[in-house]
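**Q** Below you will find the structure I want to go over with you.
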Amino acid sequence: MSIDIDTARRVAHLARIAVKEQDLPALAGELSGILSFMEQLNEVDVTGIEPMTSVTPMRLKRREDVVTDGGQPEKVLSNAPDAREGFFAVPKVME
Amino acid sequence: MTALNQLTIAEARDALRKGDTTSLALTEACLAAIEGAGALNAFVHHTPEIAREQAKAADARLAAGDAPAMCGIPLGIKDLFCTKGVPSQAASNILKGFRPEYESTVTSQLFGAGAVMLGKLNMDEFAMGSSNESSCYGNAVNPWRRGNDTAELTPGGSSGGSAAAVAADLCLAATGTDTGGSIRQPAAFTGIVGIKPTYGRVSRWGIVAFASSLDQAGPMTKTVRDAAIMLGAMAGPDAKDSTCSDLPVPDFEAALTGDIRGKKIGIPREYRMDGMPAEIEKLWSDGAAMLKDAGAEIVDISLPHTKYALPAYYVVAPAEASSNLARYDGVRYGHRAKLGQGDGITEMYEKTRAEGFGKEVQRRVMVGTYVLSAGFYDAYYNRARKVRALIKRDFELAFEAGIDSILTPATPSSAFGLGEMADADPVAMYLNDVFTVTVNLAGLPGIAVPTGLDGRGLPLGLQLIGRPWEEGDLLNHAYVLERATGFVSKPAKWW
């Protein structure tokens, strides 16, 4: 499967990574190369095989539905690039 | 007289308990070695104050008696582990300045056992790489060289700083993490021991996530015995990681009996790759012969889906990475791009991630995004997960047939030169993981043991793969191999 420039642009946007227009052809080429390597998987007969969901057969643990942590907004915000009045601050989201 | 920083964990433990040395003396010896090893670029954040404080506390505990095995042992910690108040940035610019408010379960357990942290170790960005060349800190350098050739070699990756630091005696041991071979390949490239435990043996809590269904932390040490000791301190149930097993942790060191008589060791024919260097071929057959001499039965086995492990891995791992790395958005921690007039939140995300992530990370996030996108999910991601189930089944059939462990080469070559792969296809670099990824896909324990030198004087290693949860047995097989090969070579100091 070959990736064209439009697909590369779309994937970059979905991944929320800014890619300059002039860099898109090289990116499309790299992605195509990697995906063609993956094409080998089409040789495998996977009829009737369930996709693996857990590598070790274990039941997902349950616990009491109670608060185990919290009440430390300063610590939660301490690494934020921009925090104000107890909140993470971001650029305007809605017009 | 062996210098204090050259001791193994076991030697240091015994010396500490006898009162022949102190943790502070061990720690000072390591700090001095680190000071003189800037050329290796292994330690990227130095924490001498924390180290000295922990060493003094360990000495007090030792004096009081009843100190655990890891008490007072100076370690290096891979930058992927969150360490409270200490930079933990997964070798990425996007986490620049991040100082966690909490401690990872692994480091918390190690410190609880009295271990000492010397600093944080270099690695590939977000553990994505096989050469430590994708680090925001620059390359870590292998202490080994090709004879008198001064060309700098890779220590492997992603735990390249850990491998270089242990091989150069900058610390007694180090933590590593392994998603596709990131403990075992660098261990093999630097002549040390590295074990990736069974998936779920060690808590992943507080370790920056790459691919959550594959990631597992483990020790990187100078000997198999040290790996057994340190793994015991790292492993165990953890309520904070729901994939971490509740199984009790056995005494791994006690499993090192040196007796493997009657054990069946499988040699998988699919690991004999076309164009495999003769040296690797010989290393492998010599290893099998030594295990046979020790009383094991060598059995040819087939793991028919081996050739599909690498492509399946390079679908599953980037898919999980694209999801895990979505959190780096410039809002909660780390880097945020400077925004232009009129830039909204989407521009903030896109510019922040373009500036903060390096090339290889961007590439994998985009591959992952693509294979998970509508219309391709079934063709790539679900197909890869089905192939993964078949790869695991291959191993299960071998173990059901009575195989106790499987012997393979650890890497397809010895350490290559830094920069040598710069112009290569990304897929060429991925081939480094060809012998190790199967183990992550199947969730099994795997260990790399140094067993020889190549014609240029560089270390080569073999890998042993064990049954799930049987790390003790696996370590014992590795212990026999280690003793039989008698590998004691160290790099000549040039740094």
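As shown in the structure tokens, the chain order sets the letters A, B, ...; within each chain, residues go from 1, and ligands are also counted from 1 in the order they appear.
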For A:Asp82, find every residue with an atom within 10 Å (counting only C-alpha atoms), except residues of its own chain fewer than 6 positions away, and show them as a CSV table (one decimal) with N, CA and C atoms, in the first residue's frame.
**A**
chain,number,residue,atom,x,y,z
A,88,PHE,N,-5.6,24.1,34.4
A,88,PHE,CA,-4.7,24.1,33.2
A,88,PHE,C,-5.2,25.2,32.3
A,89,ALA,N,-4.3,26.0,31.8
A,89,ALA,CA,-4.7,27.1,30.8
A,89,ALA,C,-4.3,26.7,29.4
A,90,VAL,N,-5.2,26.9,28.5
A,90,VAL,CA,-5.0,26.6,27.1
A,90,VAL,C,-5.5,27.7,26.2
B,330,GLY,N,1.2,19.5,25.4
B,330,GLY,CA,1.6,20.8,25.8
B,330,GLY,C,0.6,21.4,26.9
B,331,VAL,N,-0.2,20.6,27.5
B,331,VAL,CA,-1.1,21.1,28.5
B,331,VAL,C,-0.7,20.8,29.9
B,332,ARG,N,-0.4,19.5,30.2
B,332,ARG,CA,-0.2,19.1,31.6
B,332,ARG,C,1.3,19.1,32.0
B,333,TYR,N,2.2,18.9,31.1
B,333,TYR,CA,3.6,18.8,31.5
B,333,TYR,C,4.5,19.0,30.3
B,336,ARG,N,5.6,23.3,25.7
B,336,ARG,CA,4.5,23.9,24.9
B,336,ARG,C,5.1,24.9,23.9
**Q** Need to verify the contact set: B:Gly358, 10 Å, only C-alpha atoms, exclusion of same-chain residues closer than 4 positions in sequence. Can you return it as an MDAnalysis selection string?
**A** chainID B and resid 91:94 125:126 134:136 353:354 362:363
**Q** Give me the residues within 12 Å of B:Gly38 as a list in words, counting only C-alpha atoms and dropping any in the same chain fewer than 3 places off.
**A** Leu31, Ala32, Ala33, Ile34, Glu35, Asn41, Ala42, Phe43, Val44, His45, His46, Asn122, Asn139, Ala140, Val141, Pro143, Gly161, Ala164, Ala165, Ala168, Leu170, Trp494 and Trp495 of chain B
**Q** Quick one: residues within 12 Å of stretch 381-387 of chain B, only C-alpha atoms counted, chain neighbours fewer than 6 positions away excluded, as a ChimeraX atom specification?
**A** /A:35,38-55 /B:213,304-320,367-375,393-394,438,441-442
**Q** May I have the residues within 10 Å of A:Leu27 as a PDB file with N, CA and C atoms, in the first residue's frame, using only C-alpha atoms and disregarding those fewer than 5 positions away in the same chain?
**A**
ATOM      1  N   ILE A   3       1.502   5.260   0.200  1.00  0.00           N
ATOM      2  CA  ILE A   3       0.888   6.428   0.831  1.00  0.00           C
ATOM      3  C   ILE A   3       1.140   7.645  -0.061  1.00  0.00           C
ATOM      4  N   ASP A   4       0.068   8.340  -0.475  1.00  0.00           N
ATOM      5  CA  ASP A   4       0.298   9.547  -1.273  1.00  0.00           C
ATOM      6  C   ASP A   4       0.398  10.765  -0.347  1.00  0.00           C
ATOM      7  N   ILE A   5       0.680  11.911  -0.955  1.00  0.00           N
ATOM      8  CA  ILE A   5       0.928  13.117  -0.163  1.00  0.00           C
ATOM      9  C   ILE A   5      -0.316  13.534   0.627  1.00  0.00           C
ATOM     10  N   ALA A   8      -0.557  11.330   3.656  1.00  0.00           N
ATOM     11  CA  ALA A   8       0.468  11.714   4.635  1.00  0.00           C
ATOM     12  C   ALA A   8       0.013  12.967   5.388  1.00  0.00           C
ATOM     13  N   ARG A   9      -0.550  13.932   4.676  1.00  0.00           N
ATOM     14  CA  ARG A   9      -1.027  15.167   5.295  1.00  0.00           C
ATOM     15  C   ARG A   9      -2.149  14.845   6.298  1.00  0.00           C
ATOM     16  N   ALA A  12      -0.720  13.039   9.417  1.00  0.00           N
ATOM     17  CA  ALA A  12      -0.016  13.997  10.275  1.00  0.00           C
ATOM     18  C   ALA A  12      -1.021  14.819  11.078  1.00  0.00           C
ATOM     19  N   VAL A  19       3.481  19.091  10.033  1.00  0.00           N
ATOM     20  CA  VAL A  19       4.509  18.720   9.050  1.00  0.00           C
ATOM     21  C   VAL A  19       4.468  19.757   7.931  1.00  0.00           C
ATOM     22  N   GLN A  22       6.553  21.038   2.363  1.00  0.00           N
ATOM     23  CA  GLN A  22       7.689  20.520   1.575  1.00  0.00           C
ATOM     24  C   GLN A  22       8.245  19.206   2.141  1.00  0.00           C
ATOM     25  N   SER A  32       5.316   4.712   3.334  1.00  0.00           N
ATOM     26  CA  SER A  32       5.069   3.655   2.344  1.00  0.00           C
ATOM     27  C   SER A  32       6.033   2.496   2.538  1.00  0.00           C
ATOM     28  N   GLY A  33       7.302   2.846   2.777  1.00  0.00           N
ATOM     29  CA  GLY A  33       8.322   1.816   2.980  1.00  0.00           C
ATOM     30  C   GLY A  33       7.994   0.928   4.174  1.00  0.00           C
TER      31      GLY A  33
ATOM     32  N   ARG B 363       7.642   9.465  13.388  1.00  0.00           N
ATOM     33  CA  ARG B 363       7.382   8.443  12.377  1.00  0.00           C
ATOM     34  C   ARG B 363       6.512   7.336  12.979  1.00  0.00           C
ATOM     35  N   MET B 366       2.939   8.390  13.695  1.00  0.00           N
ATOM     36  CA  MET B 366       2.131   8.497  12.471  1.00  0.00           C
ATOM     37  C   MET B 366       1.806   7.123  11.888  1.00  0.00           C
TER      38      MET B 366
END
**Q** Find the distance between atom CA of B:Gly232 and atom CA of B:Ala217 and write it in Å to one decimal.
**A**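 We find that atom CA of B:Gly232 and atom CA of B:Ala217 lie 12.2 Å from each other.
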**Q** Of the candidates B:Ala415, B:Val361, B:Ala63, B:Val86, which one gets nearest to B:Ala188 if we count only C-alpha atoms?
**A**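 Closest candidate: B:Ala415.
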**Q** What's the separation between atom CA of B:Ser162 and atom CA of B:Asn142, in Å to one decimal place?
**A**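 One can read the atom CA of B:Ser162 to atom CA of B:Asn142 distance as 10.5 Å.
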**Q** Please list as number ranges by chain every residue within 8 Å of B:Cys71, counting only C-alpha atoms and excluding residues in the same chain fewer than 6 positions away.
**A** B: 13, 58, 61-62, 113-116
**Q** Report as a ChimeraX atom specification: the residues of stretch 282-463 of chain B with a DSSP assignment of alpha helix (DSSP H), based on the backbone of this structure.
**A** /B:282-293,309-324,345-356,359-372,383-400,426-430,437-441
**Q** Determine the nearest neighbour of chain A from the options B:Gly119, B:Gly342, B:Gly275, B:Gly112, counting only C-alpha atoms.
**A**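 Nearest candidate to chain A out of B:Gly119, B:Gly342, B:Gly275, B:Gly112: B:Gly342.
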**Q** Excluding A:Asn79 and residues on its chain fewer than 6 positions from it, collect all residues at most 9 Å away from it, counting only C-alpha atoms, and give them as a PyMOL selection string.
**A** chain B and resi 97-101+332-334
**Q** Rounded to one decimal place, report the atom CA of B:Leu26-atom CA of B:Ile9 distance in Å.
**A**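 Taking atom CA of B:Leu26 and atom CA of B:Ile9, their separation equals 10.8 Å.
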**Q** Which is closer to chain B than all the others in A:Ala80, A:Ala26, A:Met94, A:Val66, using only C-alpha atoms?
**A** A:Ala80
